[in-house]
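Structure file target.json; described as JSON, C-alpha atoms.
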```json
[["chain", "number", "residue", "atom", "x", "y", "z"],
["V", 1, "MET", "CA", 121.89, 134.65, 65.89],
["V", 2, "SER", "CA", 121.43, 136.13, 69.35],
["V", 3, "GLU", "CA", 118.43, 138.21, 70.21],
["V", 4, "PRO", "CA", 119.00, 141.99, 70.08],
["V", 5, "HIS", "CA", 119.21, 143.61, 73.48],
["V", 6, "LEU", "CA", 116.75, 146.44, 73.90],
["V", 7, "LEU", "CA", 117.45, 149.07, 76.48],
["V", 8, "SER", "CA", 114.83, 149.59, 79.09],
["V", 9, "ASP", "CA", 113.51, 153.08, 79.67],
["V", 10, "SER", "CA", 115.62, 153.43, 82.82],
["V", 11, "GLU", "CA", 118.79, 152.24, 81.04],
["V", 12, "ASP", "CA", 118.16, 154.58, 78.11],
["V", 13, "VAL", "CA", 117.62, 157.58, 80.38],
["V", 14, "GLY", "CA", 120.74, 156.72, 82.38],
["V", 15, "ASP", "CA", 122.91, 156.51, 79.26],
["V", 16, "ARG", "CA", 121.54, 159.78, 77.95],
["V", 17, "LEU", "CA", 122.19, 161.51, 81.28],
["V", 18, "ARG", "CA", 125.77, 160.20, 81.38],
["V", 19, "ALA", "CA", 126.33, 161.37, 77.80],
["V", 20, "ALA", "CA", 124.91, 164.78, 78.65],
["V", 21, "ALA", "CA", 127.25, 165.00, 81.61],
["V", 22, "GLU", "CA", 130.35, 164.58, 79.46],
["V", 23, "PHE", "CA", 132.28, 167.81, 79.27],
["V", 24, "GLU", "CA", 134.73, 168.25, 76.39],
["V", 25, "PRO", "CA", 136.53, 171.62, 76.40],
["V", 26, "GLY", "CA", 137.65, 171.09, 72.79],
["V", 27, "GLN", "CA", 134.03, 171.51, 71.70],
["V", 28, "LEU", "CA", 133.61, 174.79, 73.59],
["V", 29, "PRO", "CA", 135.41, 177.57, 71.69],
["V", 30, "ARG", "CA", 134.20, 180.31, 74.01],
["V", 31, "LEU", "CA", 135.78, 178.51, 76.97],
["V", 32, "ARG", "CA", 139.18, 178.81, 75.30],
["V", 33, "HIS", "CA", 138.45, 182.45, 74.49],
["V", 34, "LEU", "CA", 137.70, 183.09, 78.19],
["V", 35, "ALA", "CA", 140.81, 181.18, 79.30],
["V", 36, "GLU", "CA", 143.02, 183.28, 77.02],
["V", 37, "ALA", "CA", 141.40, 186.41, 78.46],
["V", 38, "TRP", "CA", 142.12, 185.03, 81.94],
["V", 39, "ALA", "CA", 145.80, 184.64, 81.03],
["V", 40, "THR", "CA", 145.91, 188.23, 79.73],
["V", 41, "ALA", "CA", 144.20, 189.60, 82.86],
["V", 42, "ALA", "CA", 146.51, 187.58, 85.13],
["V", 43, "THR", "CA", 149.56, 188.90, 83.28],
["V", 44, "ALA", "CA", 148.37, 192.49, 83.80],
["V", 45, "ARG", "CA", 147.77, 191.95, 87.54],
["V", 46, "MET", "CA", 151.06, 190.15, 88.09],
["V", 47, "THR", "CA", 152.96, 192.80, 86.14],
["V", 48, "ALA", "CA", 151.41, 195.55, 88.24],
["V", 49, "LEU", "CA", 152.32, 193.63, 91.39],
["V", 50, "ALA", "CA", 155.88, 192.80, 90.36],
["V", 51, "GLY", "CA", 156.70, 195.92, 88.37],
["V", 52, "THR", "CA", 158.22, 193.83, 85.57],
["V", 53, "SER", "CA", 156.96, 192.01, 82.49],
["V", 54, "PHE", "CA", 156.96, 188.26, 81.82],
["V", 55, "ASP", "CA", 155.04, 185.74, 79.70],
["V", 56, "PHE", "CA", 151.97, 184.00, 81.13],
["V", 57, "THR", "CA", 149.98, 182.28, 78.39],
["V", 58, "LEU", "CA", 147.37, 179.56, 78.00],
["V", 59, "HIS", "CA", 148.92, 176.24, 76.97],
["V", 60, "ASP", "CA", 145.85, 174.00, 76.72],
["V", 61, "ILE", "CA", 142.53, 173.01, 78.30],
["V", 62, "GLU", "CA", 141.25, 169.52, 78.97],
["V", 63, "ALA", "CA", 138.87, 167.66, 81.25],
["V", 64, "ASP", "CA", 140.18, 164.96, 83.56],
["V", 65, "PHE", "CA", 139.60, 163.37, 86.94],
["V", 66, "ALA", "CA", 141.44, 164.39, 90.10],
["V", 67, "PRO", "CA", 145.19, 163.79, 89.96],
["V", 68, "ASP", "CA", 146.61, 160.47, 91.13],
["V", 69, "LEU", "CA", 148.01, 161.66, 94.42],
["V", 70, "ASP", "CA", 149.49, 158.26, 95.24],
["V", 71, "ALA", "CA", 151.79, 158.29, 92.19],
["V", 72, "ASP", "CA", 155.51, 158.98, 92.50],
["V", 73, "THR", "CA", 155.18, 162.13, 90.37],
["V", 74, "ALA", "CA", 152.70, 163.58, 92.87],
["V", 75, "SER", "CA", 155.39, 163.74, 95.55],
["V", 76, "ASN", "CA", 157.40, 166.11, 93.34],
["V", 77, "SER", "CA", 154.50, 168.54, 92.99],
["V", 78, "LEU", "CA", 152.95, 171.13, 95.25],
["V", 79, "TYR", "CA", 149.27, 171.91, 95.44],
["V", 80, "ALA", "CA", 146.85, 174.57, 96.59],
["V", 81, "VAL", "CA", 143.10, 174.35, 97.03],
["V", 82, "LEU", "CA", 140.81, 176.56, 94.91],
["V", 83, "SER", "CA", 137.66, 177.59, 96.73],
["V", 84, "SER", "CA", 134.47, 179.30, 95.62],
["V", 85, "SER", "CA", 130.96, 179.53, 96.98],
["V", 86, "ARG", "CA", 129.81, 178.41, 93.50],
["V", 87, "PHE", "CA", 131.63, 175.06, 93.68],
["V", 88, "ARG", "CA", 130.02, 171.90, 95.01],
["V", 89, "HIS", "CA", 133.52, 170.72, 95.89],
["V", 90, "PRO", "CA", 136.86, 172.55, 95.72],
["V", 91, "GLY", "CA", 139.23, 172.77, 92.81],
["V", 92, "TYR", "CA", 142.98, 172.73, 92.97],
["V", 93, "ILE", "CA", 146.22, 174.22, 91.61],
["V", 94, "THR", "CA", 149.29, 172.15, 90.87],
["V", 95, "LEU", "CA", 152.87, 173.22, 90.13],
["V", 96, "ASP", "CA", 156.33, 171.78, 90.63],
["V", 97, "ASN", "CA", 159.46, 173.26, 92.19],
["V", 98, "SER", "CA", 160.31, 175.07, 88.95],
["V", 99, "GLY", "CA", 156.92, 176.77, 89.17],
["V", 100, "VAL", "CA", 157.71, 177.93, 92.71],
["V", 101, "GLU", "CA", 161.07, 179.25, 91.50],
["V", 102, "ALA", "CA", 159.47, 181.02, 88.51],
["V", 103, "LEU", "CA", 156.75, 182.72, 90.58],
["V", 104, "ILE", "CA", 159.25, 183.96, 93.14],
["V", 105, "ALA", "CA", 161.54, 185.25, 90.37],
["V", 106, "ALA", "CA", 158.58, 186.93, 88.65],
["V", 107, "LEU", "CA", 157.43, 188.79, 91.75],
["V", 108, "PHE", "CA", 160.95, 189.90, 92.67],
["V", 109, "ALA", "CA", 161.90, 190.78, 89.06],
["V", 110, "ALA", "CA", 164.89, 188.43, 89.34],
["V", 111, "GLU", "CA", 166.48, 185.84, 87.13],
["V", 112, "PRO", "CA", 165.37, 182.37, 88.34],
["V", 113, "SER", "CA", 167.95, 179.91, 89.57],
["V", 114, "THR", "CA", 169.17, 177.44, 86.94],
["V", 115, "SER", "CA", 171.04, 175.21, 89.36],
["V", 116, "ASP", "CA", 171.04, 171.49, 88.54],
["V", 117, "ASP", "CA", 171.21, 170.58, 92.22],
["V", 118, "GLN", "CA", 168.39, 168.83, 94.02],
["V", 119, "PRO", "CA", 165.59, 171.42, 94.41],
["V", 120, "ARG", "CA", 165.30, 172.76, 97.91],
["V", 121, "LYS", "CA", 162.14, 172.48, 99.97],
["V", 122, "PRO", "CA", 160.13, 175.74, 99.87],
["V", 123, "THR", "CA", 160.49, 177.86, 102.97],
["V", 124, "ASP", "CA", 157.60, 179.62, 104.72],
["V", 125, "LEU", "CA", 158.59, 182.81, 102.91],
["V", 126, "ASP", "CA", 158.56, 180.96, 99.57],
["V", 127, "ARG", "CA", 155.11, 179.59, 100.32],
["V", 128, "GLY", "CA", 153.80, 183.04, 101.25],
["V", 129, "VAL", "CA", 155.11, 184.60, 98.04],
["V", 130, "VAL", "CA", 153.73, 181.76, 95.91],
["V", 131, "LYS", "CA", 150.32, 182.01, 97.60],
["V", 132, "LEU", "CA", 150.25, 185.73, 96.79],
["V", 133, "ALA", "CA", 151.04, 185.01, 93.13],
["V", 134, "LEU", "CA", 148.48, 182.17, 92.83],
["V", 135, "THR", "CA", 145.81, 184.28, 94.54],
["V", 136, "THR", "CA", 146.51, 187.14, 92.12],
["V", 137, "ILE", "CA", 146.12, 184.79, 89.14],
["V", 138, "ALA", "CA", 142.95, 183.24, 90.58],
["V", 139, "GLU", "CA", 141.34, 186.63, 91.26],
["V", 140, "ALA", "CA", 142.02, 187.67, 87.65],
["V", 141, "ALA", "CA", 139.48, 185.05, 86.55],
["V", 142, "ASP", "CA", 136.54, 186.69, 88.34],
["V", 143, "PRO", "CA", 135.72, 189.49, 85.86],
["V", 144, "VAL", "CA", 136.53, 187.23, 82.88],
["V", 145, "PHE", "CA", 133.97, 184.57, 83.82],
["V", 146, "ASN", "CA", 131.42, 187.07, 85.11],
["V", 147, "ASP", "CA", 129.02, 186.24, 82.23],
["V", 148, "ILE", "CA", 128.74, 182.72, 83.66],
["V", 149, "ALA", "CA", 128.75, 183.48, 87.36],
["V", 150, "GLU", "CA", 130.57, 185.51, 89.96],
["V", 151, "PHE", "CA", 132.61, 182.80, 91.66],
["V", 152, "ARG", "CA", 135.36, 184.74, 93.48],
["V", 153, "LEU", "CA", 138.17, 182.23, 93.42],
["V", 154, "SER", "CA", 140.55, 182.05, 96.35],
["V", 155, "ALA", "CA", 143.73, 180.01, 96.67],
["V", 156, "SER", "CA", 144.95, 178.32, 99.86],
["V", 157, "ASN", "CA", 148.48, 177.89, 101.12],
["V", 158, "LEU", "CA", 150.68, 175.33, 99.38],
["V", 159, "ILE", "CA", 149.89, 171.83, 100.64],
["V", 160, "ASP", "CA", 151.21, 168.31, 100.13],
["V", 161, "PRO", "CA", 149.44, 165.59, 98.08],
["V", 162, "SER", "CA", 147.99, 163.88, 101.17],
["V", 163, "GLU", "CA", 146.38, 167.14, 102.30],
["V", 164, "LEU", "CA", 144.90, 167.75, 98.84],
["V", 165, "ALA", "CA", 143.44, 164.22, 98.74],
["V", 166, "GLU", "CA", 141.70, 164.93, 102.04],
["V", 167, "GLN", "CA", 140.36, 168.26, 100.76],
["V", 168, "LEU", "CA", 139.05, 166.88, 97.43],
["V", 169, "GLY", "CA", 137.56, 163.72, 98.89],
["V", 170, "ASP", "CA", 136.19, 160.99, 96.64],
["V", 171, "THR", "CA", 133.87, 163.04, 94.43],
["V", 172, "GLY", "CA", 134.28, 161.07, 91.18],
["V", 173, "ASP", "CA", 133.67, 164.34, 89.32],
["V", 174, "ARG", "CA", 135.93, 165.62, 86.60],
["V", 175, "PHE", "CA", 137.86, 168.88, 86.53],
["V", 176, "VAL", "CA", 138.48, 171.36, 83.74],
["V", 177, "LEU", "CA", 142.25, 171.78, 83.69],
["V", 178, "PHE", "CA", 143.54, 175.16, 82.55],
["V", 179, "ARG", "CA", 147.26, 174.74, 81.92],
["V", 180, "PHE", "CA", 149.17, 177.99, 81.79],
["V", 181, "GLU", "CA", 152.77, 178.39, 80.70],
["V", 182, "LEU", "CA", 154.88, 180.82, 82.72],
["V", 183, "ARG", "CA", 158.15, 182.01, 81.23],
["V", 184, "VAL", "CA", 160.52, 184.05, 83.39],
["V", 185, "GLY", "CA", 163.95, 184.68, 81.93],
["V", 186, "THR", "CA", 165.32, 181.33, 80.76],
["V", 187, "LEU", "CA", 162.89, 179.27, 82.86],
["V", 188, "THR", "CA", 159.60, 177.93, 81.49],
["V", 189, "THR", "CA", 157.14, 176.05, 83.69],
["V", 190, "THR", "CA", 153.50, 174.94, 83.73],
["V", 191, "ILE", "CA", 150.91, 175.90, 86.35],
["V", 192, "THR", "CA", 147.58, 174.06, 86.23],
["V", 193, "PHE", "CA", 144.27, 175.35, 87.60],
["V", 194, "GLY", "CA", 141.68, 172.59, 87.99],
["V", 195, "LEU", "CA", 138.09, 173.85, 88.30],
["V", 196, "PRO", "CA", 135.15, 171.46, 88.83],
["V", 197, "SER", "CA", 133.47, 170.65, 85.53],
["V", 198, "SER", "CA", 130.11, 170.74, 87.32],
["V", 199, "PHE", "CA", 130.52, 174.51, 87.51],
["V", 200, "PHE", "CA", 130.75, 174.82, 83.69],
["V", 201, "ALA", "CA", 128.37, 172.00, 82.65],
["V", 202, "PRO", "CA", 125.12, 174.05, 82.88],
["V", 203, "HIS", "CA", 126.67, 176.68, 80.60],
["V", 204, "ARG", "CA", 127.80, 174.45, 77.72],
["V", 205, "ARG", "CA", 125.39, 176.01, 75.22],
["V", 206, "PHE", "CA", 126.77, 179.46, 76.05],
["V", 207, "LEU", "CA", 130.37, 178.19, 75.83],
["V", 208, "ARG", "CA", 129.84, 176.59, 72.40],
["V", 209, "GLU", "CA", 129.44, 179.97, 70.70],
["V", 210, "LEU", "CA", 132.16, 182.55, 70.32],
["V", 211, "PRO", "CA", 131.26, 186.08, 71.46],
["V", 212, "ASP", "CA", 130.17, 188.57, 68.84],
["V", 213, "VAL", "CA", 132.99, 190.91, 67.94],
["V", 214, "ALA", "CA", 131.81, 194.48, 67.48],
["V", 215, "LYS", "CA", 132.55, 195.76, 64.00],
["V", 216, "LEU", "CA", 134.60, 198.90, 63.88],
["V", 217, "ASP", "CA", 133.02, 201.84, 62.08],
["V", 218, "ARG", "CA", 134.93, 202.85, 59.00],
["V", 219, "ASP", "CA", 136.45, 206.31, 59.28],
["V", 220, "GLU", "CA", 135.83, 207.79, 55.85],
["V", 221, "SER", "CA", 137.75, 210.97, 56.60],
["V", 222, "TRP", "CA", 140.81, 208.94, 57.58],
["V", 223, "SER", "CA", 140.53, 206.87, 54.40],
["V", 224, "ALA", "CA", 140.17, 209.99, 52.27],
["V", 225, "GLY", "CA", 143.19, 211.53, 53.98],
["V", 226, "ILE", "CA", 145.31, 208.47, 53.22],
["V", 227, "LYS", "CA", 144.25, 208.57, 49.55],
["V", 228, "ALA", "CA", 145.04, 212.29, 49.31],
["V", 229, "SER", "CA", 148.46, 211.78, 50.89],
["V", 230, "PHE", "CA", 149.21, 208.85, 48.63],
["V", 231, "ALA", "CA", 148.15, 210.85, 45.57],
["V", 232, "GLN", "CA", 150.82, 213.46, 46.43],
["V", 233, "SER", "CA", 153.63, 210.90, 46.47],
["V", 234, "ASP", "CA", 156.53, 211.56, 44.08],
["V", 235, "LEU", "CA", 157.08, 208.87, 41.45],
["V", 236, "ARG", "CA", 159.69, 208.70, 38.72],
["V", 237, "LEU", "CA", 158.45, 208.66, 35.11],
["V", 238, "ASP", "CA", 160.81, 207.63, 32.29],
["V", 239, "ALA", "CA", 160.05, 207.99, 28.59],
["V", 240, "VAL", "CA", 161.85, 205.09, 26.91],
["V", 241, "LEU", "CA", 162.53, 205.89, 23.28],
["V", 242, "ALA", "CA", 163.58, 202.36, 22.36],
["V", 243, "LYS", "CA", 165.13, 199.17, 23.67],
["V", 244, "LYS", "CA", 167.44, 197.14, 21.48],
["V", 245, "LYS", "CA", 169.33, 193.91, 22.08],
["V", 246, "ILE", "CA", 172.95, 194.03, 20.91],
["V", 247, "PRO", "CA", 175.51, 191.21, 21.24],
["V", 248, "LEU", "CA", 178.26, 191.82, 23.77],
["V", 249, "ARG", "CA", 180.94, 191.31, 21.14],
["V", 250, "ARG", "CA", 179.58, 194.27, 19.18],
["V", 251, "ILE", "CA", 179.38, 196.48, 22.29],
["V", 252, "ALA", "CA", 183.01, 195.62, 23.03],
["V", 253, "GLY", "CA", 183.95, 197.03, 19.61],
["V", 254, "PHE", "CA", 182.03, 200.32, 19.86],
["V", 255, "LYS", "CA", 183.95, 203.41, 18.75],
["V", 256, "VAL", "CA", 183.24, 207.10, 19.11],
["V", 257, "GLY", "CA", 180.82, 208.24, 16.39],
["V", 258, "GLU", "CA", 179.39, 204.78, 15.65],
["V", 259, "MET", "CA", 175.69, 204.72, 14.77],
["V", 260, "ILE", "CA", 173.09, 202.41, 16.36],
["V", 261, "GLU", "CA", 169.99, 201.79, 14.30],
["V", 262, "LEU", "CA", 166.67, 201.83, 16.16],
["V", 263, "ASP", "CA", 163.58, 199.92, 15.04],
["V", 264, "ILE", "CA", 161.31, 202.96, 15.37],
["V", 265, "ASN", "CA", 160.40, 206.05, 13.44],
["V", 266, "ALA", "CA", 158.98, 209.46, 14.26],
["V", 267, "ALA", "CA", 155.41, 208.06, 14.33],
["V", 268, "SER", "CA", 156.17, 205.13, 16.66],
["V", 269, "LEU", "CA", 154.68, 204.88, 20.12],
["V", 270, "ILE", "CA", 157.21, 205.03, 22.92],
["V", 271, "ALA", "CA", 156.83, 203.56, 26.41],
["V", 272, "VAL", "CA", 156.36, 205.65, 29.53],
["V", 273, "GLU", "CA", 157.54, 203.71, 32.60],
["V", 274, "CYS", "CA", 156.73, 204.39, 36.24],
["V", 275, "GLU", "CA", 159.28, 203.04, 38.68],
["V", 276, "GLY", "CA", 160.50, 200.57, 36.07],
["V", 277, "ARG", "CA", 157.06, 199.29, 34.99],
["V", 278, "ALA", "CA", 155.47, 200.17, 31.64],
["V", 279, "LEU", "CA", 152.43, 202.32, 32.35],
["V", 280, "LEU", "CA", 151.54, 204.30, 29.23],
["V", 281, "ARG", "CA", 152.31, 204.60, 25.54],
["V", 282, "ALA", "CA", 152.81, 208.03, 23.98],
["V", 283, "ARG", "CA", 153.98, 209.85, 20.86],
["V", 284, "MET", "CA", 156.89, 212.23, 21.04],
["V", 285, "GLY", "CA", 156.74, 215.76, 19.59],
["V", 286, "ARG", "CA", 158.04, 219.26, 20.12],
["V", 287, "SER", "CA", 156.54, 222.39, 21.57],
["V", 288, "GLY", "CA", 158.88, 225.25, 20.82],
["V", 289, "VAL", "CA", 162.28, 224.18, 22.08],
["V", 290, "ASP", "CA", 160.87, 221.49, 24.40],
["V", 291, "TYR", "CA", 160.25, 217.84, 23.67],
["V", 292, "VAL", "CA", 156.76, 216.73, 24.73],
["V", 293, "LEU", "CA", 154.74, 213.50, 24.98],
["V", 294, "ARG", "CA", 151.13, 213.00, 24.04],
["V", 295, "ILE", "CA", 149.57, 210.06, 25.90],
["V", 296, "GLU", "CA", 147.87, 207.66, 23.51],
["V", 297, "GLU", "CA", 146.94, 204.61, 25.61],
["V", 298, "ARG", "CA", 147.43, 202.73, 28.84],
["V", 299, "VAL", "CA", 149.49, 199.57, 28.95],
["V", 300, "ASP", "CA", 147.69, 196.30, 29.75],
["V", 301, "PRO", "CA", 150.10, 194.39, 32.07],
["V", 302, "ALA", "CA", 148.85, 190.99, 30.85],
["V", 303, "GLU", "CA", 149.25, 191.96, 27.23],
["V", 304, "GLU", "CA", 152.71, 193.40, 27.93],
["V", 305, "PHE", "CA", 153.74, 190.15, 29.63],
["V", 306, "ILE", "CA", 152.62, 188.06, 26.65],
["V", 307, "ASP", "CA", 154.37, 190.41, 24.21],
["V", 308, "ASP", "CA", 157.60, 190.06, 26.18],
["V", 309, "ILE", "CA", 157.39, 186.26, 26.02],
["V", 310, "LEU", "CA", 156.66, 186.27, 22.26],
["V", 311, "SER", "CA", 159.47, 188.71, 21.59],
["V", 312, "ASP", "CA", 161.95, 186.33, 23.20]]
```
As C-alpha cells - that is how I would like this structure written.
Amino acid sequence: MSEPHLLSDSEDVGDRLRAAAEFEPGQLPRLRHLAEAWATAATARMTALAGTSFDFTLHDIEADFAPDLDADTASNSLYAVLSSSRFRHPGYITLDNSGVEALIAALFAAEPSTSDDQPRKPTDLDRGVVKLALTTIAEAADPVFNDIAEFRLSASNLIDPSELAEQLGDTGDRFVLFRFELRVGTLTTTITFGLPSSFFAPHRRFLRELPDVAKLDRDESWSAGIKASFAQSDLRLDAVLAKKKIPLRRIAGFKVGEMIELDINAASLIAVECEGRALLRARMGRSGVDYVLRIEERVDPAEEFIDDILSD
C-alpha cells in the first residue's frame, strides 16, 4: 500500500484559497433577486425610451470564463465592452444579429423582420441605436446593485470578436453571465451581460441571504368592512319538507289526484338548505295564517355525508 500524501501548509492554503475563489451563482439567491430587479428596471427604462411595452426578463445566471472568441460561433456574434471604475478588468455584452434586430424594433416600436435571408451587416445607424439600448439596460443596474457598490456601468460601441479579445486580455478570471431574454413581437432573442466575478466575490455572504421583505400591516377596518359587506349578501333558503325516491315507471303513470306518501309526520324535522346545501334542521308550525319554522339544530356536513352514503 502506498504512503498517504500529506499536503504541506503551502499546498493546503493554496487549495483553500482556490476553493474560496470559486463563485457559484446558484448558491447566491440574492444575486438572482437582484438580477430580476435589474430586468424589471431595464424594462421600465426601455419602455420610457421607446414609448411601447415589450418583454425583457432574466433567463439564467452562471459563472464562466471569457467566451472562446476563436470559435466559429463567435464570428456570428457582436460584442460590446462593459466598463466600470469598480472592475479590475472590463466585462462584456454579447448578442447575435437577432438581438440587434430586436433592440432596433423595440426602440422604434416596430415589428422585427422575420426574413429568412442571410442577416445583413449592421449599419452605423444600427450600431448607434443598439449602443443606446445596451447603455440604457446597463445603467438600469446601478441603483439595483447599489447595496454592493456604485459601479456605474457603461457600454461601448459594438465591436468584433478580435477587438473584444484585445480589450479583455488574458485575465484567466471568470465572469458572472446574466442572460436576459428579449421578446419583441414574434422575435425572441438572448442578450448576455458578463460582469467580472471578482466584483461580486467579496460580497458572497451578503448575496447568500435573501432580503427581508417588510410585512404589511393588517388593515382591521378594511377586514371589518369586507365582513360587514359579506354579511349583507342575499342567499336563498329552502325548507325541504321531504325527499322521496320513486321509480321512473311509477312517475310515468301519475294521474291527477294521485297521492304520494311521505315518510314524515307533523313532528319530523325538516331540512333547511342554503344554496343547495343542508344547513339547519327545523320543525314546521303555524302562526296565524302563516307557516313558520323553528330552528332545532345545525347540520354537521360530515354526519350528513355519512348518512347519505348509508341511505344509498
Pairwise distance for CA of Thr57 in chain V and CA of Gly91 in chain V, rounded to one decimal in Å: 20.3 Å
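Across V:Asn157, V:Ser77, V:Gly99, V:Leu241, the tightest approach to Leu125 in chain V is made by V:Asn157 when counting all atoms listed in the file.
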Shell of 9 Å around Lys131 in chain V, all atoms listed in the file, local chain residues under 2 positions omitted, as a list in words: Ala80, Asp126, Arg127, Gly128, Val129, Ala133, Leu134, Thr135, Thr136, Ala155, Ser156, Asn157 and Leu158 of chain V
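For the pair CA of Ala106 in chain V and CA of Ala138 in chain V, the separation is 16.2 Å.
The residue that comes closest to Leu78 in chain V, out of V:Pro161, V:Pro29, V:Gly257, V:Pro112 and on the basis of only C-alpha atoms, is V:Pro161.
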Polymer residues at most 7 Å from His59 in chain V, only C-alpha atoms, same-chain spacing of 4 or more positions, as a VMD selection string: chain V and resid 179 to 181
Residue nearest Arg32 in chain V - candidates V:Pro211, V:Pro67, V:Gly253, V:Pro247, atoms counted: all atoms listed in the file: V:Pro211
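Relative to CA of Ala109 in chain V, CA of Ala48 in chain V is found at 11.6 Å.
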Test item: residues at most 6 Å from Leu269 in chain V, all atoms listed in the file, excluding those fewer than 2 positions along its chain, as JSON, numbers by chain: {"V": [281, 282, 283]}
Nearby residues (only C-alpha atoms) at most 12 Å from Pro143 in chain V, same-chain spacing under 2 positions excluded, as a PDB file with C-alpha atoms, in the coordinates of the input:
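Now in result.pdb:
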```pdb
ATOM      1  CA  LEU V  34     137.700 183.090  78.190  1.00  0.00           C
ATOM      2  CA  ALA V  35     140.810 181.180  79.300  1.00  0.00           C
ATOM      3  CA  ALA V  37     141.400 186.410  78.460  1.00  0.00           C
ATOM      4  CA  TRP V  38     142.120 185.030  81.940  1.00  0.00           C
ATOM      5  CA  THR V  40     145.910 188.230  79.730  1.00  0.00           C
ATOM      6  CA  ALA V  41     144.200 189.600  82.860  1.00  0.00           C
ATOM      7  CA  ALA V  42     146.510 187.580  85.130  1.00  0.00           C
ATOM      8  CA  ILE V 137     146.120 184.790  89.140  1.00  0.00           C
ATOM      9  CA  ALA V 138     142.950 183.240  90.580  1.00  0.00           C
ATOM     10  CA  GLU V 139     141.340 186.630  91.260  1.00  0.00           C
ATOM     11  CA  ALA V 140     142.020 187.670  87.650  1.00  0.00           C
ATOM     12  CA  ALA V 141     139.480 185.050  86.550  1.00  0.00           C
ATOM     13  CA  PHE V 145     133.970 184.570  83.820  1.00  0.00           C
ATOM     14  CA  ASN V 146     131.420 187.070  85.110  1.00  0.00           C
ATOM     15  CA  ASP V 147     129.020 186.240  82.230  1.00  0.00           C
ATOM     16  CA  ILE V 148     128.740 182.720  83.660  1.00  0.00           C
ATOM     17  CA  ALA V 149     128.750 183.480  87.360  1.00  0.00           C
ATOM     18  CA  GLU V 150     130.570 185.510  89.960  1.00  0.00           C
ATOM     19  CA  PHE V 151     132.610 182.800  91.660  1.00  0.00           C
ATOM     20  CA  ARG V 152     135.360 184.740  93.480  1.00  0.00           C
ATOM     21  CA  LEU V 153     138.170 182.230  93.420  1.00  0.00           C
TER      22      LEU V 153
END
```
Draw an axis-aligned box tight on the listed atoms of range 266-280 of chain V, then pad every side by 8 Å and write out centre and edge lengths in Å to one decimal as lines of an AutoDock Vina configuration file.
```
center_x = 156.0
center_y = 204.4
center_z = 26.5
size_x = 25.0
size_y = 26.2
size_z = 40.4
```
Nearest to Ile246 in chain V by atom-to-atom distance, counting only C-alpha atoms, from V:Glu261, V:Lys121, V:Glu163, V:Gln27: V:Glu261
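For the choices V:Leu293, V:Ala66, V:Ala39, V:Val240, the atom-to-atom distance to Asp142 in chain V is smallest for V:Ala39 when using all atoms listed in the file.
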Closest of V:Leu107, V:Leu248, V:Phe200, V:Arg174 to Arg86 in chain V - atom-to-atom distances counting all atoms listed in the file: V:Phe200
Neighbour list for Leu164 in chain V as a VMD selection string, cut-off 8 Å, only C-alpha atoms, skip fewer than 5 positions in-chain: chain V and resid 79 to 81 92 159
